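Worksheet: one structure, shown below.
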Amino acid sequence: MKILVLGSGGREHALAWKLHESQQMEELYCAPGNAGIAQEAECIAIDLAQTKAIVELAKQLRADLTIVGPEAPLVAGVVDEFEKEGLAIIGPSKAASRLEGSKIFSKEFMRRHGIPTARFEVAGNIEDALHALARFPLPVVVKADGLAAGKGVVVAHTHEEAEQAVEDFMRRKTLGSAGDRVVIEECLKGEETSFIVLTDGRGILPLVPTQDHKALLDGDQGPNTGGMGAYSDDSILSEPLHDEILRSIVAPTLAGMEMEGSPYRGFLYCGLMMTASGPMLLEYNVRLGDPEAQPILMRLRSDLADLLKASREGQLASVDVHWSPNPAVCVVLTSRGYPAKPEVDKTITGYESVEALGGVKIFHAATRVRDHQLFTAGGRVMGVTAIAEDLPSAIQRAYAGVNKLQFEGMHYRKDIGAKALQRVEKPPAPKRVRAAKGERPSSRK
Ligand code: AMP
Ligand code: GLY
């Protein structure tokens with residue numbers, strides 16, 4: 001098979017790494033890719049905002065299948081353009097991508113289909129937004145409607161903070177047109193879980209659960225980021241909770257999209273808050289999470305190309321997927337100044353000896369090579385991902401890798417996976433991974 005991966009982050013490096021080891025792989029391309037992906041695939045420079053250019057590239061490469069990493073090309077309609085040309089691609093259509101592209105669409109969709117979510121109001125001007133704020137207790141959440149690369153949500157603990165968020169989004173236009181309309185939402189309490197499935201519209205393949213660490217600093221302090229680290233471990237979800245999420249959130253989402261004429265295909269990411277009254281949906285993403293994909297793919301034992309091919313052919317309902325029972329942990333290294341204004345062009349050293357630790361892989365994000373040296377090229381530089389027989393060992397192994405790496409201004413959280421350690425002391429009953437809608441169960445080996 002010839003596969004083209006679109007994107008340039010740690011998620012895309014993990015996809016390329018897993019595809020590279022596939023028996024099916026003849027040629028693997030990534031556009032635009034990064035310095036680490038270049039070890040697994042041929043990287044081709046491209047501007048992902050140019051949908052037509054992506055279509056031309058796939059044609060020129062004679063790609064059998066294209067996989068889209070980030071949300072922006074999906075929301076812009078790259079899948080529709082591919083399908084018009086009869087080219088194979090994994091991902092939702094432009095209409096289905098509104099689940100991530102518009103918070104207002106997604107919240108109103110949840111309400112229409114009885115999917116448990118926080119109480120909310122929509123406001124199209126500042127006056128309405130300020131009035132709505134008065135109807136919610138503190139803390140309150142203010143969300144810009146459009147895509148904002150992780151900067152569009154403010155959890156406000158005071159009225160001043162909430163009003164400032166409305167002011168920033170709607171009057172100062174800090175996010176451009178993404179902030180023209182806002183959602184004002186009740187703040188939910190609990191632990192967050194990322195629950196991601198791959199679906200071809202009929203079969204649903206749930207991936208192993210993960211937990212992201214969105215805040216910049218230890219103890220969930222500081223501003224939100226794209227994700228500072230993630231781990232995957234079976235202790236995150238008990239079997240009854242896993243089934244409840246499939247029944248009360250995933251199944252009605254897919255049925256609702258079908259009913260509304262925008263059937264959903266591709267990866268669907270449900271960002272959940274595990275509240276005292278059960279799992280509630282914070283948001284959808286129409287793709288794999290980053291950094292969630294890194295520990296998930298580290299645990300995948302099945303051939304990824306087989307799964308994607310089955311998904312493309314509508315055969316997902318009949319595949320068995322095998323996962324490692326071992327937990328995996330990814331610690332993200334960021335540049336000084338991230339997320340606001342990351343420094344770049346710092347020399348990275350020590351990476352040669354990390355993978356010799358065994359069970360550890362560096363997934364590059366913002367890196368580039370110049371004169372045979374590795375440099376930083378953005379905010380999230382790389383993620384050190386480790387797998388081991390238990391969570392404390394996986395954490396210890398990931399940080400052993402981190403400790404070998406250096407660049408000026410390097411920052412990382414020291415507490416990735418710490419919440420899970422409390423849970424692991426009292427593990428829940430072992431869980432079957434069961435798929436929804438009558439397809440065969442996937443086995444965990
Ligand atoms: P999003 O950009 O929609 O992923 O939201 C970013 C983060 O904001 C989430 O991962 C949560 O940590 C937080 N968040 C969003 N909505 C709520 C809510 N209703 N209650 C509490 N936290 C929220
Ligand atoms: N890590 C969260 C996301 O991918 O949006």
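Chain labels A, B, ... are given in the sequence in which chains occur in the structure tokens; within each chain residues are numbered consecutively from 1, and ligands are likewise numbered from 1 in the order shown.
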(message) I need the strand (DSSP E) residues of stretch 137-381 of chain A per DSSP on the backbone, written as number ranges by chain.
(response) A: 140-144, 153-156, 182-186, 191-199, 204-206, 210-212, 215-217, 221-224, 229-232, 266-275, 278-285, 328-334, 360-364, 367-370, 373-376, 380-381
(message) At a cut-off of 7 Å around ligand 1, and using only C-alpha atoms and all ligand atoms, what residues come up? Please write them as a list in words.
(response) Ala118, Val141, Gly150, Lys151, Gly152, Val153, Val154, Val155, Glu185, Glu186, Cys187, Leu188, Lys189, Lys214, Gly271, Leu282 and Glu283 of chain A
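Nearest-residue note for ligand 2: choosing from A:Pro291, A:Pro206, A:Pro252, A:Gly222, the minimum distance belongs to A:Pro291, counting only C-alpha atoms and all ligand atoms.
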(message) Counting only C-alpha atoms, which residue out of A:Ala148, A:Val250, A:Val319, A:Ile416 sits closest to A:Val331?
(response) A:Ile416
(message) Please identify all protein, DNA and RNA residues within 12 Å of ligand 2, counting only C-alpha atoms and all ligand atoms, and report them as number ranges by chain.
(response) A: 9-12, 69-72, 100, 147-153, 192-196, 210-215, 224-231, 267-272, 282-295, 330, 332, 380
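Atom CA of A:Glu81 to atom CA of A:Arg98 spans 16.2 Å [interatomic distance, one decimal].
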(message) Quick one: residues within 7 Å of A:Ala31, only C-alpha atoms, excluding same-chain residues fewer than 4 positions away - as a ChimeraX atom specification?
(response) /A:5-7,43-46
(request) Could you give me, as a VMD selection string, the residues within 9 Å of A:Pro392, counting only C-alpha atoms and dropping anything in the same chain fewer than 4 positions from it? (result) chain A and resid 388 396 to 397 417 to 418 421
Restrict the calculation to only C-alpha atoms, then for each residue of stretch 71-131 of chain A with any atom at most 8 Å from an atom of stretch 162-175 of chain A give the closest atom pair and their distance in Å to one decimal, rows by chain and rising residue number, as CSV.
residue,atom,partner,partner_atom,distance
A:Asn125,CA,A:Met170,CA,7.2
A:Ile126,CA,A:Met170,CA,6.4
A:Ala129,CA,A:Val166,CA,7.0
A:Leu130,CA,A:Glu163,CA,6.9
Preceding selection exported with N, CA, C and O atoms as a PDB file, in the first residue's frame:
ATOM      1  N   ASN A 125     -23.829  38.400  20.492  1.00  0.00           N
ATOM      2  CA  ASN A 125     -23.257  39.736  20.689  1.00  0.00           C
ATOM      3  C   ASN A 125     -22.885  39.909  22.161  1.00  0.00           C
ATOM      4  O   ASN A 125     -23.285  39.109  23.015  1.00  0.00           O
ATOM      5  N   ILE A 126     -22.098  40.960  22.419  1.00  0.00           N
ATOM      6  CA  ILE A 126     -21.524  41.118  23.757  1.00  0.00           C
ATOM      7  C   ILE A 126     -22.616  41.268  24.828  1.00  0.00           C
ATOM      8  O   ILE A 126     -22.534  40.673  25.901  1.00  0.00           O
ATOM      9  N   ALA A 129     -24.083  38.046  25.703  1.00  0.00           N
ATOM     10  CA  ALA A 129     -23.106  37.207  26.416  1.00  0.00           C
ATOM     11  C   ALA A 129     -23.034  37.643  27.886  1.00  0.00           C
ATOM     12  O   ALA A 129     -23.019  36.796  28.789  1.00  0.00           O
ATOM     13  N   LEU A 130     -23.012  38.948  28.130  1.00  0.00           N
ATOM     14  CA  LEU A 130     -22.910  39.430  29.517  1.00  0.00           C
ATOM     15  C   LEU A 130     -24.179  39.085  30.303  1.00  0.00           C
ATOM     16  O   LEU A 130     -24.113  38.699  31.476  1.00  0.00           O
TER      17      LEU A 130
END
(request) Write out as an MDAnalysis selection string the residues lying within 6 Å of A:Met273, counting only C-alpha atoms and excluding same-chain residues fewer than 3 positions away. (result) chainID A and resid 190:192 279:280
Would you put the residues from that selection into a file with N, CA and C atoms, as a PDB file, in the first residue's frame?
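Contents of result_24.pdb, freshly written:
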ATOM      1  N   GLY A 190     -14.853  17.011  37.876  1.00  0.00           N
ATOM      2  CA  GLY A 190     -14.521  15.595  37.762  1.00  0.00           C
ATOM      3  C   GLY A 190     -13.176  15.427  37.098  1.00  0.00           C
ATOM      4  N   GLU A 191     -12.866  14.184  36.744  1.00  0.00           N
ATOM      5  CA  GLU A 191     -11.623  13.908  36.017  1.00  0.00           C
ATOM      6  C   GLU A 191     -11.947  13.822  34.538  1.00  0.00           C
ATOM      7  N   GLU A 192     -11.032  14.323  33.709  1.00  0.00           N
ATOM      8  CA  GLU A 192     -11.263  14.252  32.260  1.00  0.00           C
ATOM      9  C   GLU A 192     -10.715  12.959  31.677  1.00  0.00           C
ATOM     10  N   PRO A 279     -20.628  10.100  33.000  1.00  0.00           N
ATOM     11  CA  PRO A 279     -19.802  10.770  31.989  1.00  0.00           C
ATOM     12  C   PRO A 279     -20.598  11.830  31.233  1.00  0.00           C
ATOM     13  N   MET A 280     -20.019  13.026  31.102  1.00  0.00           N
ATOM     14  CA  MET A 280     -20.664  14.089  30.326  1.00  0.00           C
ATOM     15  C   MET A 280     -19.690  14.573  29.271  1.00  0.00           C
TER      16      MET A 280
END
(request) Find, counting only C-alpha atoms, the residue in A:Gln39, A:Thr376, A:Ser8, A:Thr385 that gets nearest to A:Pro327. (result) A:Thr385
(message) Quick one: residues within 7 Å of A:Asn34, only C-alpha atoms, excluding same-chain residues fewer than 2 positions away - as a ChimeraX atom specification?
(response) /A:8,32,36-38,364-368
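The smallest atom-to-atom distance between A:Leu374 and any of A:Pro137, A:Gly261, A:Gly358, A:Gly350, using only C-alpha atoms, is found for A:Gly350.
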(request) List the neighbours of A:Ala386 out to 6 Å using only C-alpha atoms; skip same-chain residues closer than 2 positions along the sequence, and give me the result as a list in words. (result) Ala328, Val329, Gly359, Val360, Ala394 and Ala398 of chain A
(request) Using DSSP on the backbone coordinates, identify the residues of stretch 242-404 of chain A assigned to alpha helix (DSSP H); present them as a PyMOL selection string. (result) chain A and resi 242-245+251-259+293-299+304-312+391-402
Can those selected residues be exported to a file as a CSV table (one decimal), in the first residue's frame so that it contains N, CA and C atoms?
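This is the output file result_25.csv:
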chain,number,residue,atom,x,y,z
A,242,HIS,N,-17.2,2.3,30.4
A,242,HIS,CA,-16.9,2.1,29.0
A,242,HIS,C,-18.2,1.9,28.2
A,243,ASP,N,-19.0,1.0,28.7
A,243,ASP,CA,-20.3,0.7,28.0
A,243,ASP,C,-21.2,1.8,28.0
A,244,GLU,N,-21.2,2.5,29.1
A,244,GLU,CA,-22.2,3.7,29.2
A,244,GLU,C,-21.8,4.8,28.3
A,245,ILE,N,-20.5,5.0,28.1
A,245,ILE,CA,-20.0,6.0,27.1
A,245,ILE,C,-20.4,5.7,25.7
A,251,ALA,N,-22.9,6.2,20.5
A,251,ALA,CA,-24.0,5.7,19.6
A,251,ALA,C,-25.0,6.8,19.2
A,252,PRO,N,-25.5,7.6,20.2
A,252,PRO,CA,-26.4,8.7,19.7
A,252,PRO,C,-25.7,9.7,18.8
A,253,THR,N,-24.4,9.9,19.0
A,253,THR,CA,-23.7,10.9,18.1
A,253,THR,C,-23.8,10.3,16.7
A,254,LEU,N,-23.4,9.1,16.5
A,254,LEU,CA,-23.3,8.5,15.1
A,254,LEU,C,-24.7,8.4,14.5
A,255,ALA,N,-25.7,8.0,15.4
A,255,ALA,CA,-27.1,7.9,14.9
A,255,ALA,C,-27.6,9.3,14.5
A,256,GLY,N,-27.3,10.3,15.3
A,256,GLY,CA,-27.8,11.7,15.1
A,256,GLY,C,-27.2,12.2,13.8
A,257,MET,N,-25.9,12.0,13.6
A,257,MET,CA,-25.3,12.5,12.4
A,257,MET,C,-25.9,11.9,11.2
A,258,GLU,N,-26.1,10.6,11.3
A,258,GLU,CA,-26.7,9.9,10.1
A,258,GLU,C,-28.1,10.5,9.9
A,259,MET,N,-28.9,10.7,10.9
A,259,MET,CA,-30.2,11.1,10.8
A,259,MET,C,-30.3,12.6,10.2
A,293,ALA,N,-2.7,10.2,20.9
A,293,ALA,CA,-2.4,9.2,19.9
A,293,ALA,C,-1.1,8.5,20.2
A,294,GLN,N,-0.2,9.2,20.8
A,294,GLN,CA,1.2,8.6,21.0
A,294,GLN,C,1.1,7.4,22.0
A,295,PRO,N,0.5,7.5,23.2
A,295,PRO,CA,0.4,6.3,24.0
A,295,PRO,C,-0.6,5.2,23.4
A,296,ILE,N,-1.6,5.7,22.7
A,296,ILE,CA,-2.6,4.7,22.2
A,296,ILE,C,-1.9,3.9,21.1
A,297,LEU,N,-1.2,4.5,20.2
A,297,LEU,CA,-0.5,3.8,19.1
A,297,LEU,C,0.6,2.9,19.7
A,298,MET,N,1.2,3.3,20.8
A,298,MET,CA,2.3,2.5,21.4
A,298,MET,C,1.7,1.2,21.9
A,299,ARG,N,0.4,1.2,22.3
A,299,ARG,CA,-0.2,0.0,22.8
A,299,ARG,C,-0.8,-0.9,21.7
A,304,LEU,N,-1.8,-1.3,11.9
A,304,LEU,CA,-2.6,-0.1,11.7
A,304,LEU,C,-3.1,0.0,10.3
A,305,ALA,N,-2.3,-0.4,9.3
A,305,ALA,CA,-2.7,-0.2,7.9
A,305,ALA,C,-3.9,-1.1,7.7
A,306,ASP,N,-4.0,-2.3,8.3
A,306,ASP,CA,-5.1,-3.2,8.2
A,306,ASP,C,-6.4,-2.6,8.7
A,307,LEU,N,-6.3,-1.9,9.9
A,307,LEU,CA,-7.4,-1.3,10.5
A,307,LEU,C,-8.0,-0.1,9.6
A,308,LEU,N,-7.0,0.6,9.1
A,308,LEU,CA,-7.4,1.8,8.3
A,308,LEU,C,-8.1,1.3,6.9
A,309,LYS,N,-7.5,0.3,6.4
A,309,LYS,CA,-8.1,-0.3,5.1
A,309,LYS,C,-9.5,-0.8,5.4
A,310,ALA,N,-9.6,-1.5,6.5
A,310,ALA,CA,-11.0,-2.1,6.9
A,310,ALA,C,-11.9,-0.9,7.1
A,311,SER,N,-11.5,0.2,7.7
A,311,SER,CA,-12.4,1.3,7.9
A,311,SER,C,-12.8,1.9,6.6
A,312,ARG,N,-11.8,2.0,5.7
A,312,ARG,CA,-12.1,2.6,4.3
A,312,ARG,C,-13.1,1.8,3.6
A,391,LEU,N,2.2,0.9,35.4
A,391,LEU,CA,2.2,2.4,35.2
A,391,LEU,C,3.4,3.0,35.8
A,392,PRO,N,3.7,2.7,37.1
A,392,PRO,CA,4.9,3.4,37.7
A,392,PRO,C,6.2,3.1,36.8
A,393,SER,N,6.3,1.9,36.3
A,393,SER,CA,7.5,1.7,35.4
A,393,SER,C,7.4,2.5,34.1
A,394,ALA,N,6.2,2.6,33.5
A,394,ALA,CA,6.1,3.3,32.3
A,394,ALA,C,6.4,4.8,32.5
A,395,ILE,N,6.0,5.3,33.7
A,395,ILE,CA,6.3,6.7,34.0
A,395,ILE,C,7.8,6.9,34.2
A,396,GLN,N,8.3,6.0,35.0
A,396,GLN,CA,9.7,6.1,35.3
A,396,GLN,C,10.6,6.0,34.0
A,397,ARG,N,10.2,5.2,33.1
A,397,ARG,CA,10.9,5.0,31.9
A,397,ARG,C,10.8,6.2,31.0
A,398,ALA,N,9.6,6.8,30.9
A,398,ALA,CA,9.4,8.0,30.1
A,398,ALA,C,10.3,9.2,30.6
A,399,TYR,N,10.3,9.3,32.0
A,399,TYR,CA,11.2,10.4,32.5
A,399,TYR,C,12.6,10.1,32.4
A,400,ALA,N,13.0,8.8,32.4
A,400,ALA,CA,14.4,8.5,32.2
A,400,ALA,C,14.8,9.0,30.8
A,401,GLY,N,13.9,8.8,29.8
A,401,GLY,CA,14.2,9.3,28.5
A,401,GLY,C,14.3,10.8,28.5
A,402,VAL,N,13.3,11.5,29.1
A,402,VAL,CA,13.3,13.0,29.2
A,402,VAL,C,14.6,13.5,29.8
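Interatomic distance, atom CA of A:Glu343 to atom CA of A:Ala14: 24.3 Å.
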